[in-house]
file run24.txt (compact mmCIF, N, CA and C atoms)
# COMPACT_ATOMS: atom_id res chain seq x y z
N MET W 22 22.42 -23.38 1.85
CA MET W 22 21.23 -23.59 1.06
C MET W 22 21.05 -22.38 0.16
N THR W 23 20.67 -22.59 -1.08
CA THR W 23 20.51 -21.50 -2.04
C THR W 23 19.16 -20.85 -1.84
N ASP W 24 18.97 -19.70 -2.52
CA ASP W 24 17.70 -18.99 -2.41
C ASP W 24 16.54 -19.83 -2.91
N SER W 25 16.76 -20.57 -3.98
CA SER W 25 15.68 -21.42 -4.49
C SER W 25 15.39 -22.57 -3.52
N GLY W 26 16.40 -23.04 -2.83
CA GLY W 26 16.20 -24.09 -1.83
C GLY W 26 15.39 -23.59 -0.65
N ILE W 27 15.64 -22.35 -0.27
CA ILE W 27 14.89 -21.75 0.84
C ILE W 27 13.43 -21.60 0.45
N TRP W 28 13.20 -21.15 -0.79
CA TRP W 28 11.82 -20.97 -1.25
C TRP W 28 11.10 -22.31 -1.34
N VAL W 29 11.78 -23.31 -1.78
CA VAL W 29 11.18 -24.65 -1.87
C VAL W 29 10.84 -25.17 -0.47
N ALA W 30 11.75 -24.95 0.47
CA ALA W 30 11.51 -25.40 1.84
C ALA W 30 10.32 -24.66 2.45
N ARG W 31 10.25 -23.35 2.22
CA ARG W 31 9.12 -22.56 2.74
C ARG W 31 7.82 -23.00 2.08
N ALA W 32 7.84 -23.20 0.76
CA ALA W 32 6.64 -23.63 0.06
C ALA W 32 6.18 -24.99 0.56
N ARG W 33 7.14 -25.89 0.81
CA ARG W 33 6.80 -27.21 1.31
C ARG W 33 6.20 -27.10 2.73
N ALA W 34 6.74 -26.22 3.56
CA ALA W 34 6.22 -26.03 4.92
C ALA W 34 4.81 -25.46 4.88
N ILE W 35 4.58 -24.50 3.99
CA ILE W 35 3.25 -23.90 3.86
C ILE W 35 2.26 -24.95 3.34
N ALA W 36 2.69 -25.74 2.34
CA ALA W 36 1.82 -26.78 1.79
C ALA W 36 1.48 -27.82 2.87
N ASN W 37 2.46 -28.18 3.68
CA ASN W 37 2.20 -29.13 4.77
C ASN W 37 1.22 -28.57 5.78
N ALA W 38 1.37 -27.27 6.11
CA ALA W 38 0.46 -26.64 7.07
C ALA W 38 -0.95 -26.58 6.51
N ILE W 39 -1.08 -26.24 5.23
CA ILE W 39 -2.40 -26.18 4.62
C ILE W 39 -3.03 -27.57 4.57
N ALA W 40 -2.27 -28.57 4.23
CA ALA W 40 -2.78 -29.95 4.19
C ALA W 40 -3.21 -30.39 5.59
N TYR W 41 -2.42 -30.08 6.60
CA TYR W 41 -2.75 -30.44 7.97
C TYR W 41 -4.06 -29.77 8.38
N LEU W 42 -4.20 -28.47 8.09
CA LEU W 42 -5.41 -27.75 8.45
C LEU W 42 -6.62 -28.30 7.68
N ALA W 43 -6.44 -28.66 6.43
CA ALA W 43 -7.54 -29.22 5.64
C ALA W 43 -8.00 -30.55 6.24
N VAL W 44 -7.06 -31.41 6.59
CA VAL W 44 -7.42 -32.69 7.21
C VAL W 44 -8.11 -32.46 8.55
N TRP W 45 -7.61 -31.54 9.31
CA TRP W 45 -8.19 -31.21 10.61
C TRP W 45 -9.63 -30.69 10.42
N LEU W 46 -9.85 -29.82 9.44
CA LEU W 46 -11.18 -29.28 9.17
C LEU W 46 -12.13 -30.38 8.75
N VAL W 47 -11.71 -31.29 7.92
CA VAL W 47 -12.55 -32.40 7.49
C VAL W 47 -12.90 -33.28 8.69
N ALA W 48 -11.94 -33.54 9.56
CA ALA W 48 -12.21 -34.37 10.74
C ALA W 48 -13.22 -33.70 11.66
N ILE W 49 -13.08 -32.41 11.85
CA ILE W 49 -14.02 -31.68 12.71
C ILE W 49 -15.42 -31.70 12.10
N GLU W 50 -15.51 -31.51 10.80
CA GLU W 50 -16.82 -31.54 10.16
C GLU W 50 -17.46 -32.92 10.25
N LEU W 51 -16.69 -33.96 10.11
CA LEU W 51 -17.24 -35.31 10.25
C LEU W 51 -17.75 -35.56 11.66
N ILE W 52 -17.02 -35.09 12.64
CA ILE W 52 -17.47 -35.23 14.03
C ILE W 52 -18.76 -34.45 14.25
N ALA W 53 -18.82 -33.22 13.71
CA ALA W 53 -20.02 -32.40 13.86
C ALA W 53 -21.22 -33.04 13.17
N LEU W 54 -21.02 -33.56 11.98
CA LEU W 54 -22.13 -34.22 11.29
C LEU W 54 -22.58 -35.48 12.04
N GLY W 55 -21.64 -36.21 12.60
CA GLY W 55 -22.01 -37.38 13.39
C GLY W 55 -22.82 -37.00 14.61
N ALA W 56 -22.39 -35.94 15.29
CA ALA W 56 -23.13 -35.48 16.47
C ALA W 56 -24.51 -34.98 16.07
N ALA W 57 -24.60 -34.27 14.95
CA ALA W 57 -25.91 -33.80 14.49
C ALA W 57 -26.81 -34.97 14.16
N GLY W 58 -26.25 -36.00 13.58
CA GLY W 58 -27.04 -37.20 13.28
C GLY W 58 -27.56 -37.87 14.54
N LEU W 59 -26.72 -37.93 15.57
CA LEU W 59 -27.17 -38.53 16.83
C LEU W 59 -28.29 -37.71 17.47
N VAL W 60 -28.13 -36.39 17.45
CA VAL W 60 -29.17 -35.53 18.03
C VAL W 60 -30.47 -35.69 17.25
N ALA W 61 -30.38 -35.70 15.93
CA ALA W 61 -31.58 -35.84 15.11
C ALA W 61 -32.24 -37.20 15.35
N ALA W 62 -31.46 -38.22 15.61
CA ALA W 62 -32.02 -39.55 15.81
C ALA W 62 -32.75 -39.66 17.14
N ILE W 63 -32.28 -38.98 18.16
CA ILE W 63 -32.92 -39.11 19.48
C ILE W 63 -33.90 -38.00 19.78
N ASP W 64 -33.95 -36.96 18.98
CA ASP W 64 -34.85 -35.82 19.22
C ASP W 64 -36.10 -36.00 18.37
N HIS W 65 -37.12 -36.54 18.96
CA HIS W 65 -38.38 -36.73 18.24
C HIS W 65 -39.54 -36.35 19.15
N GLN W 66 -40.60 -35.96 18.55
CA GLN W 66 -41.79 -35.58 19.29
C GLN W 66 -42.44 -36.84 19.87
N PRO W 67 -42.93 -36.77 21.10
CA PRO W 67 -43.53 -37.95 21.71
C PRO W 67 -44.85 -38.35 21.05
N GLY W 68 -45.49 -37.44 20.39
CA GLY W 68 -46.74 -37.74 19.73
C GLY W 68 -47.03 -36.69 18.68
N THR W 69 -47.92 -37.00 17.79
CA THR W 69 -48.29 -36.04 16.77
C THR W 69 -49.80 -35.86 16.80
N ALA W 70 -50.26 -34.89 16.06
CA ALA W 70 -51.70 -34.66 15.99
C ALA W 70 -52.41 -35.81 15.29
N ALA W 71 -51.67 -36.60 14.55
CA ALA W 71 -52.27 -37.72 13.84
C ALA W 71 -52.80 -38.79 14.80
N ARG W 72 -52.25 -38.87 15.99
CA ARG W 72 -52.67 -39.88 16.96
C ARG W 72 -53.07 -39.24 18.27
N ALA W 73 -53.87 -38.18 18.19
CA ALA W 73 -54.29 -37.45 19.40
C ALA W 73 -55.10 -38.31 20.35
N GLU W 74 -55.77 -39.34 19.83
CA GLU W 74 -56.60 -40.18 20.70
C GLU W 74 -55.78 -40.92 21.75
N LEU W 75 -54.48 -41.06 21.50
CA LEU W 75 -53.63 -41.78 22.45
C LEU W 75 -53.38 -40.97 23.72
N THR W 76 -53.41 -39.65 23.62
CA THR W 76 -53.11 -38.81 24.79
C THR W 76 -54.29 -37.96 25.23
N TRP W 77 -55.46 -38.10 24.59
CA TRP W 77 -56.58 -37.23 24.88
C TRP W 77 -57.01 -37.29 26.34
N ALA W 78 -57.14 -38.46 26.88
CA ALA W 78 -57.61 -38.59 28.27
C ALA W 78 -56.62 -37.94 29.24
N GLY W 79 -55.34 -38.18 29.04
CA GLY W 79 -54.34 -37.56 29.90
C GLY W 79 -54.29 -36.06 29.73
N ASP W 80 -54.46 -35.60 28.48
CA ASP W 80 -54.46 -34.16 28.22
C ASP W 80 -55.63 -33.49 28.94
N GLN W 81 -56.80 -34.12 28.91
CA GLN W 81 -57.97 -33.55 29.57
C GLN W 81 -57.81 -33.57 31.08
N ALA W 82 -57.17 -34.59 31.62
CA ALA W 82 -57.00 -34.69 33.06
C ALA W 82 -56.01 -33.66 33.59
N ILE W 83 -54.98 -33.34 32.81
CA ILE W 83 -53.93 -32.43 33.30
C ILE W 83 -54.24 -30.97 33.00
N GLU W 84 -55.18 -30.71 32.11
CA GLU W 84 -55.42 -29.33 31.67
C GLU W 84 -55.77 -28.36 32.80
N PRO W 85 -56.66 -28.69 33.74
CA PRO W 85 -56.94 -27.73 34.83
C PRO W 85 -55.70 -27.43 35.68
N ALA W 86 -54.91 -28.45 35.94
CA ALA W 86 -53.71 -28.22 36.75
C ALA W 86 -52.70 -27.36 36.00
N LEU W 87 -52.58 -27.58 34.70
CA LEU W 87 -51.66 -26.75 33.91
C LEU W 87 -52.15 -25.31 33.83
N ASN W 88 -53.46 -25.11 33.70
CA ASN W 88 -53.99 -23.74 33.68
C ASN W 88 -53.74 -23.03 35.01
N ALA W 89 -53.91 -23.75 36.11
CA ALA W 89 -53.64 -23.16 37.43
C ALA W 89 -52.16 -22.85 37.58
N ALA W 90 -51.30 -23.75 37.10
CA ALA W 90 -49.85 -23.52 37.19
C ALA W 90 -49.46 -22.32 36.33
N THR W 91 -50.09 -22.16 35.18
CA THR W 91 -49.80 -21.01 34.33
C THR W 91 -50.18 -19.71 35.02
N ALA W 92 -51.35 -19.70 35.65
CA ALA W 92 -51.78 -18.50 36.39
C ALA W 92 -50.82 -18.19 37.53
N ASN W 93 -50.38 -19.23 38.24
CA ASN W 93 -49.42 -19.03 39.33
C ASN W 93 -48.09 -18.51 38.81
N LEU W 94 -47.66 -18.99 37.65
CA LEU W 94 -46.40 -18.50 37.06
C LEU W 94 -46.50 -17.03 36.67
N VAL W 95 -47.66 -16.63 36.17
CA VAL W 95 -47.84 -15.21 35.82
C VAL W 95 -47.74 -14.35 37.07
N SER W 96 -48.38 -14.80 38.14
CA SER W 96 -48.30 -14.08 39.41
C SER W 96 -46.87 -14.05 39.93
N LEU W 97 -46.19 -15.17 39.83
CA LEU W 97 -44.80 -15.25 40.28
C LEU W 97 -43.91 -14.33 39.43
N GLY W 98 -44.19 -14.25 38.15
CA GLY W 98 -43.42 -13.36 37.27
C GLY W 98 -43.59 -11.90 37.65
N SER W 99 -44.80 -11.51 38.04
CA SER W 99 -45.00 -10.11 38.45
C SER W 99 -44.27 -9.84 39.77
N ASP W 100 -44.21 -10.83 40.65
CA ASP W 100 -43.45 -10.66 41.90
C ASP W 100 -41.95 -10.51 41.62
N VAL W 101 -41.46 -11.29 40.68
CA VAL W 101 -40.04 -11.18 40.32
C VAL W 101 -39.75 -9.83 39.68
N ASP W 102 -40.69 -9.34 38.85
CA ASP W 102 -40.52 -8.00 38.27
C ASP W 102 -40.49 -6.94 39.37
N ARG W 103 -41.37 -7.07 40.35
CA ARG W 103 -41.39 -6.10 41.46
C ARG W 103 -40.08 -6.17 42.25
N LEU W 104 -39.55 -7.37 42.41
CA LEU W 104 -38.26 -7.52 43.09
C LEU W 104 -37.16 -6.80 42.31
N GLY W 105 -37.21 -6.87 41.00
CA GLY W 105 -36.23 -6.14 40.19
C GLY W 105 -36.34 -4.64 40.38
N VAL W 106 -37.57 -4.14 40.46
CA VAL W 106 -37.78 -2.71 40.71
C VAL W 106 -37.22 -2.32 42.07
N LEU W 107 -37.47 -3.17 43.08
CA LEU W 107 -36.94 -2.89 44.41
C LEU W 107 -35.41 -2.92 44.41
N GLY W 108 -34.83 -3.84 43.67
CA GLY W 108 -33.37 -3.92 43.58
C GLY W 108 -32.77 -2.68 42.93
N ARG W 109 -33.40 -2.21 41.85
CA ARG W 109 -32.90 -0.99 41.20
C ARG W 109 -33.09 0.22 42.11
N GLY W 110 -34.21 0.23 42.85
CA GLY W 110 -34.43 1.32 43.80
C GLY W 110 -33.39 1.31 44.92
N ALA W 111 -33.05 0.11 45.39
CA ALA W 111 -32.04 0.01 46.44
C ALA W 111 -30.68 0.47 45.92
N LEU W 112 -30.38 0.12 44.70
CA LEU W 112 -29.11 0.55 44.11
C LEU W 112 -29.07 2.07 43.96
N ALA W 113 -30.18 2.66 43.53
CA ALA W 113 -30.24 4.11 43.39
C ALA W 113 -30.13 4.79 44.76
N ALA W 114 -30.77 4.22 45.76
CA ALA W 114 -30.69 4.78 47.11
C ALA W 114 -29.27 4.68 47.65
N LEU W 115 -28.59 3.59 47.36
CA LEU W 115 -27.21 3.42 47.78
C LEU W 115 -26.30 4.44 47.10
N ALA W 116 -26.53 4.63 45.81
CA ALA W 116 -25.70 5.58 45.07
C ALA W 116 -25.89 7.02 45.54
N SER W 117 -27.11 7.33 45.97
CA SER W 117 -27.39 8.69 46.42
C SER W 117 -27.34 8.84 47.94
N SER W 118 -26.86 7.83 48.64
CA SER W 118 -26.69 7.83 50.10
C SER W 118 -27.99 8.13 50.84
N GLN W 119 -29.09 7.60 50.35
CA GLN W 119 -30.38 7.72 51.03
C GLN W 119 -30.61 6.43 51.82
N TRP W 120 -30.10 6.43 53.03
CA TRP W 120 -30.04 5.21 53.82
C TRP W 120 -31.40 4.70 54.25
N ASP W 121 -32.33 5.58 54.54
CA ASP W 121 -33.67 5.13 54.93
C ASP W 121 -34.37 4.44 53.76
N ASP W 122 -34.24 5.02 52.56
CA ASP W 122 -34.84 4.40 51.38
C ASP W 122 -34.18 3.06 51.08
N LEU W 123 -32.87 3.00 51.29
CA LEU W 123 -32.14 1.75 51.07
C LEU W 123 -32.63 0.67 52.02
N ASP W 124 -32.75 1.00 53.31
CA ASP W 124 -33.23 0.03 54.30
C ASP W 124 -34.64 -0.45 53.96
N SER W 125 -35.49 0.47 53.55
CA SER W 125 -36.86 0.12 53.20
C SER W 125 -36.89 -0.82 51.99
N ALA W 126 -36.11 -0.49 50.96
CA ALA W 126 -36.08 -1.33 49.76
C ALA W 126 -35.52 -2.72 50.06
N VAL W 127 -34.48 -2.77 50.89
CA VAL W 127 -33.89 -4.07 51.24
C VAL W 127 -34.87 -4.89 52.07
N ASN W 128 -35.55 -4.27 53.01
CA ASN W 128 -36.53 -4.99 53.83
C ASN W 128 -37.70 -5.49 52.99
N ASP W 129 -38.23 -4.60 52.13
CA ASP W 129 -39.34 -5.01 51.25
C ASP W 129 -38.88 -6.13 50.31
N GLY W 130 -37.66 -6.03 49.82
CA GLY W 130 -37.13 -7.07 48.94
C GLY W 130 -36.97 -8.39 49.67
N GLY W 131 -36.54 -8.35 50.91
CA GLY W 131 -36.40 -9.58 51.68
C GLY W 131 -37.73 -10.26 51.89
N VAL W 132 -38.76 -9.48 52.21
CA VAL W 132 -40.11 -10.05 52.38
C VAL W 132 -40.59 -10.65 51.06
N LEU W 133 -40.34 -9.93 49.97
CA LEU W 133 -40.78 -10.41 48.66
C LEU W 133 -40.03 -11.68 48.25
N VAL W 134 -38.76 -11.77 48.58
CA VAL W 134 -37.99 -12.99 48.27
C VAL W 134 -38.58 -14.18 49.02
N LEU W 135 -38.96 -13.99 50.27
CA LEU W 135 -39.57 -15.08 51.03
C LEU W 135 -40.91 -15.49 50.44
N GLN W 136 -41.69 -14.51 49.96
CA GLN W 136 -42.96 -14.82 49.32
C GLN W 136 -42.74 -15.58 48.01
N ILE W 137 -41.76 -15.14 47.24
CA ILE W 137 -41.44 -15.81 45.97
C ILE W 137 -40.99 -17.24 46.24
N ARG W 138 -40.16 -17.43 47.24
CA ARG W 138 -39.68 -18.77 47.57
C ARG W 138 -40.84 -19.67 47.99
N ALA W 139 -41.75 -19.15 48.82
CA ALA W 139 -42.90 -19.95 49.27
C ALA W 139 -43.81 -20.29 48.09
N GLU W 140 -44.06 -19.32 47.22
CA GLU W 140 -44.91 -19.58 46.06
C GLU W 140 -44.25 -20.57 45.11
N THR W 141 -42.95 -20.46 44.94
CA THR W 141 -42.22 -21.41 44.09
C THR W 141 -42.31 -22.82 44.66
N ASP W 142 -42.16 -22.95 45.96
CA ASP W 142 -42.28 -24.28 46.59
C ASP W 142 -43.68 -24.85 46.41
N ARG W 143 -44.72 -24.01 46.58
CA ARG W 143 -46.10 -24.47 46.38
C ARG W 143 -46.31 -24.90 44.94
N LEU W 144 -45.79 -24.11 44.01
CA LEU W 144 -45.96 -24.43 42.60
C LEU W 144 -45.21 -25.72 42.23
N ARG W 145 -44.01 -25.88 42.75
CA ARG W 145 -43.23 -27.09 42.48
C ARG W 145 -43.97 -28.33 43.02
N THR W 146 -44.51 -28.21 44.23
CA THR W 146 -45.25 -29.32 44.81
C THR W 146 -46.49 -29.66 43.98
N ALA W 147 -47.21 -28.62 43.53
CA ALA W 147 -48.40 -28.86 42.72
C ALA W 147 -48.06 -29.51 41.39
N VAL W 148 -46.99 -29.06 40.76
CA VAL W 148 -46.60 -29.63 39.47
C VAL W 148 -46.13 -31.07 39.63
N LEU W 149 -45.38 -31.34 40.67
CA LEU W 149 -44.92 -32.71 40.89
C LEU W 149 -46.07 -33.67 41.23
N ALA W 150 -47.11 -33.11 41.87
CA ALA W 150 -48.27 -33.94 42.22
C ALA W 150 -49.04 -34.27 40.97

call {"tool": "encode", "arguments": {"input": "run24.txt", "output": "structure tokens"}}
result
Amino acid sequence: MTDSGIWVARARAIANAIAYLAVWLVAIELIALGAAGLVAAIDHQPGTAARAELTWAGDQAIEPALNAATANLVSLGSDVDRLGVLGRGALAALASSQWDDLDSAVNDGGVLVLQIRAETDRLRTAVLA
């Protein structure tokens, strides 16, 4: 094969690769647009402010329970934050070989985990009710 034949073969191979990648890119974009269309079609708000009268009674009935659940979640969040502090303290105690502090942090953390679990169960039950 001559030098010009080699260049033609290489150019043809590169052109084929570019065409293949272009077709592949178009196919992927069509799939993505189709998926986006499906998501947009099924993702809609259950109600708008224009028809608030349809949900007003239910909104008023659930509001006290939601306020109580929000307060419980705030309390639960502070317990989880305290658990994080205890975990970092236990890690620091482990790194510095302070075994009494480590035992104390692990024990306090275990008690706190049980409290968090109990509060989570109570909150889950209240929300499901």

call {"tool": "atom_distance", "arguments": {"input": "run24.txt", "atom1": "atom N of Asn128 in chain W", "atom2": "atom C of Ser96 in chain W"}}
result
19.9 Å

call {"tool": "closest_residue", "arguments": {"input": "run24.txt", "among": "W:Asp142, W:Ala116, W:Ala147, W:Leu104", "to": "Gly130 in chain W", "atoms": "only N, CA and C atoms"}}
result
W:Leu104

call {"tool": "residues_around", "arguments": {"input": "run24.txt", "residues": "Val148 in chain W", "least_positions_apart": "3", "cutoff": "8 Å", "atoms": "all atoms listed in the file", "output": "list in words"}}
result
Ala86, Leu87, Ala90, Asp142, Arg143, Leu144 and Arg145 of chain W

call {"tool": "write_last_selection", "arguments": {"input": "run24.txt", "atoms": "N, CA and C atoms", "output": "PDB file, in the coordinates of the input"}}
result
ATOM      1  N   ALA W  86     -54.910 -28.450  35.940  1.00  0.00           N
ATOM      2  CA  ALA W  86     -53.710 -28.220  36.750  1.00  0.00           C
ATOM      3  C   ALA W  86     -52.700 -27.360  36.000  1.00  0.00           C
ATOM      4  N   LEU W  87     -52.580 -27.580  34.700  1.00  0.00           N
ATOM      5  CA  LEU W  87     -51.660 -26.750  33.910  1.00  0.00           C
ATOM      6  C   LEU W  87     -52.150 -25.310  33.830  1.00  0.00           C
ATOM      7  N   ALA W  90     -51.300 -23.750  37.100  1.00  0.00           N
ATOM      8  CA  ALA W  90     -49.850 -23.520  37.190  1.00  0.00           C
ATOM      9  C   ALA W  90     -49.460 -22.320  36.330  1.00  0.00           C
ATOM     10  N   ASP W 142     -42.160 -22.950  45.960  1.00  0.00           N
ATOM     11  CA  ASP W 142     -42.280 -24.280  46.590  1.00  0.00           C
ATOM     12  C   ASP W 142     -43.680 -24.850  46.410  1.00  0.00           C
ATOM     13  N   ARG W 143     -44.720 -24.010  46.580  1.00  0.00           N
ATOM     14  CA  ARG W 143     -46.100 -24.470  46.380  1.00  0.00           C
ATOM     15  C   ARG W 143     -46.310 -24.900  44.940  1.00  0.00           C
ATOM     16  N   LEU W 144     -45.790 -24.110  44.010  1.00  0.00           N
ATOM     17  CA  LEU W 144     -45.960 -24.430  42.600  1.00  0.00           C
ATOM     18  C   LEU W 144     -45.210 -25.720  42.230  1.00  0.00           C
ATOM     19  N   ARG W 145     -44.010 -25.880  42.750  1.00  0.00           N
ATOM     20  CA  ARG W 145     -43.230 -27.090  42.480  1.00  0.00           C
ATOM     21  C   ARG W 145     -43.970 -28.330  43.020  1.00  0.00           C
TER      22      ARG W 145
END

call {"tool": "residues_around", "arguments": {"input": "run24.txt", "residues": "range 122-125 of chain W", "least_positions_apart": "5", "cutoff": "6.5 Å", "atoms": "all atoms listed in the file", "output": "PyMOL selection string"}}
result
chain W and resi 110-111+114-115+130

call {"tool": "decode", "arguments": {"input": "run24.txt", "residues": "range 131-140 of chain W", "atoms": "all heavy atoms", "output": "PDB file, in the first residue's frame"}}
result
ATOM      1  N   GLY W 131     -24.110   4.863  73.819  1.00  0.00           N
ATOM      2  CA  GLY W 131     -25.047   3.743  73.754  1.00  0.00           C
ATOM      3  C   GLY W 131     -26.394   4.103  74.332  1.00  0.00           C
ATOM      4  O   GLY W 131     -27.439   3.759  73.760  1.00  0.00           O
ATOM      5  N   VAL W 132     -26.394   4.798  75.467  1.00  0.00           N
ATOM      6  CA  VAL W 132     -27.652   5.240  76.076  1.00  0.00           C
ATOM      7  C   VAL W 132     -28.368   6.210  75.144  1.00  0.00           C
ATOM      8  O   VAL W 132     -29.586   6.122  74.932  1.00  0.00           O
ATOM      9  CB  VAL W 132     -27.379   5.890  77.451  1.00  0.00           C
ATOM     10  CG1 VAL W 132     -28.615   6.590  77.988  1.00  0.00           C
ATOM     11  CG2 VAL W 132     -26.874   4.854  78.444  1.00  0.00           C
ATOM     12  N   LEU W 133     -27.603   7.126  74.547  1.00  0.00           N
ATOM     13  CA  LEU W 133     -28.192   8.107  73.650  1.00  0.00           C
ATOM     14  C   LEU W 133     -28.752   7.453  72.387  1.00  0.00           C
ATOM     15  O   LEU W 133     -29.817   7.846  71.891  1.00  0.00           O
ATOM     16  CB  LEU W 133     -27.157   9.177  73.292  1.00  0.00           C
ATOM     17  CG  LEU W 133     -27.676  10.424  72.609  1.00  0.00           C
ATOM     18  CD1 LEU W 133     -28.783  11.081  73.425  1.00  0.00           C
ATOM     19  CD2 LEU W 133     -26.545  11.396  72.378  1.00  0.00           C
ATOM     20  N   VAL W 134     -28.082   6.437  71.878  1.00  0.00           N
ATOM     21  CA  VAL W 134     -28.588   5.717  70.701  1.00  0.00           C
ATOM     22  C   VAL W 134     -29.926   5.056  71.030  1.00  0.00           C
ATOM     23  O   VAL W 134     -30.861   5.092  70.212  1.00  0.00           O
ATOM     24  CB  VAL W 134     -27.567   4.670  70.209  1.00  0.00           C
ATOM     25  CG1 VAL W 134     -28.200   3.669  69.263  1.00  0.00           C
ATOM     26  CG2 VAL W 134     -26.391   5.350  69.538  1.00  0.00           C
ATOM     27  N   LEU W 135     -30.049   4.475  72.201  1.00  0.00           N
ATOM     28  CA  LEU W 135     -31.320   3.859  72.601  1.00  0.00           C
ATOM     29  C   LEU W 135     -32.423   4.902  72.734  1.00  0.00           C
ATOM     30  O   LEU W 135     -33.570   4.664  72.329  1.00  0.00           O
ATOM     31  CB  LEU W 135     -31.150   3.084  73.898  1.00  0.00           C
ATOM     32  CG  LEU W 135     -30.258   1.836  73.814  1.00  0.00           C
ATOM     33  CD1 LEU W 135     -30.090   1.214  75.192  1.00  0.00           C
ATOM     34  CD2 LEU W 135     -30.821   0.838  72.823  1.00  0.00           C
ATOM     35  N   GLN W 136     -32.077   6.086  73.260  1.00  0.00           N
ATOM     36  CA  GLN W 136     -33.060   7.159  73.361  1.00  0.00           C
ATOM     37  C   GLN W 136     -33.490   7.644  71.977  1.00  0.00           C
ATOM     38  O   GLN W 136     -34.680   7.873  71.725  1.00  0.00           O
ATOM     39  CB  GLN W 136     -32.493   8.338  74.157  1.00  0.00           C
ATOM     40  CG  GLN W 136     -32.326   8.066  75.624  1.00  0.00           C
ATOM     41  CD  GLN W 136     -31.618   9.214  76.341  1.00  0.00           C
ATOM     42  OE1 GLN W 136     -31.146  10.155  75.710  1.00  0.00           O
ATOM     43  NE2 GLN W 136     -31.530   9.118  77.648  1.00  0.00           N
ATOM     44  N   ILE W 137     -32.517   7.790  71.089  1.00  0.00           N
ATOM     45  CA  ILE W 137     -32.823   8.230  69.719  1.00  0.00           C
ATOM     46  C   ILE W 137     -33.712   7.205  69.025  1.00  0.00           C
ATOM     47  O   ILE W 137     -34.678   7.556  68.346  1.00  0.00           O
ATOM     48  CB  ILE W 137     -31.523   8.485  68.920  1.00  0.00           C
ATOM     49  CG1 ILE W 137     -30.809   9.725  69.453  1.00  0.00           C
ATOM     50  CG2 ILE W 137     -31.814   8.627  67.436  1.00  0.00           C
ATOM     51  CD1 ILE W 137     -29.417   9.925  68.888  1.00  0.00           C
ATOM     52  N   ARG W 138     -33.404   5.939  69.199  1.00  0.00           N
ATOM     53  CA  ARG W 138     -34.208   4.884  68.575  1.00  0.00           C
ATOM     54  C   ARG W 138     -35.636   4.912  69.113  1.00  0.00           C
ATOM     55  O   ARG W 138     -36.603   4.812  68.355  1.00  0.00           O
ATOM     56  CB  ARG W 138     -33.582   3.518  68.825  1.00  0.00           C
ATOM     57  CG  ARG W 138     -34.363   2.390  68.155  1.00  0.00           C
ATOM     58  CD  ARG W 138     -33.763   1.042  68.409  1.00  0.00           C
ATOM     59  NE  ARG W 138     -32.435   0.968  67.833  1.00  0.00           N
ATOM     60  CZ  ARG W 138     -31.524   0.072  68.179  1.00  0.00           C
ATOM     61  NH1 ARG W 138     -31.811  -0.830  69.105  1.00  0.00           N
ATOM     62  NH2 ARG W 138     -30.345   0.058  67.596  1.00  0.00           N
ATOM     63  N   ALA W 139     -35.796   5.067  70.433  1.00  0.00           N
ATOM     64  CA  ALA W 139     -37.134   5.105  71.026  1.00  0.00           C
ATOM     65  C   ALA W 139     -37.908   6.330  70.536  1.00  0.00           C
ATOM     66  O   ALA W 139     -39.097   6.231  70.190  1.00  0.00           O
ATOM     67  CB  ALA W 139     -37.035   5.110  72.550  1.00  0.00           C
ATOM     68  N   GLU W 140     -37.246   7.476  70.490  1.00  0.00           N
ATOM     69  CA  GLU W 140     -37.912   8.691  70.020  1.00  0.00           C
ATOM     70  C   GLU W 140     -38.282   8.582  68.545  1.00  0.00           C
ATOM     71  O   GLU W 140     -39.349   9.030  68.116  1.00  0.00           O
ATOM     72  CB  GLU W 140     -37.017   9.914  70.253  1.00  0.00           C
ATOM     73  CG  GLU W 140     -37.661  11.221  69.890  1.00  0.00           C
ATOM     74  CD  GLU W 140     -38.902  11.543  70.708  1.00  0.00           C
ATOM     75  OE1 GLU W 140     -38.999  11.111  71.879  1.00  0.00           O
ATOM     76  OE2 GLU W 140     -39.803  12.219  70.162  1.00  0.00           O
TER      77      GLU W 140
END
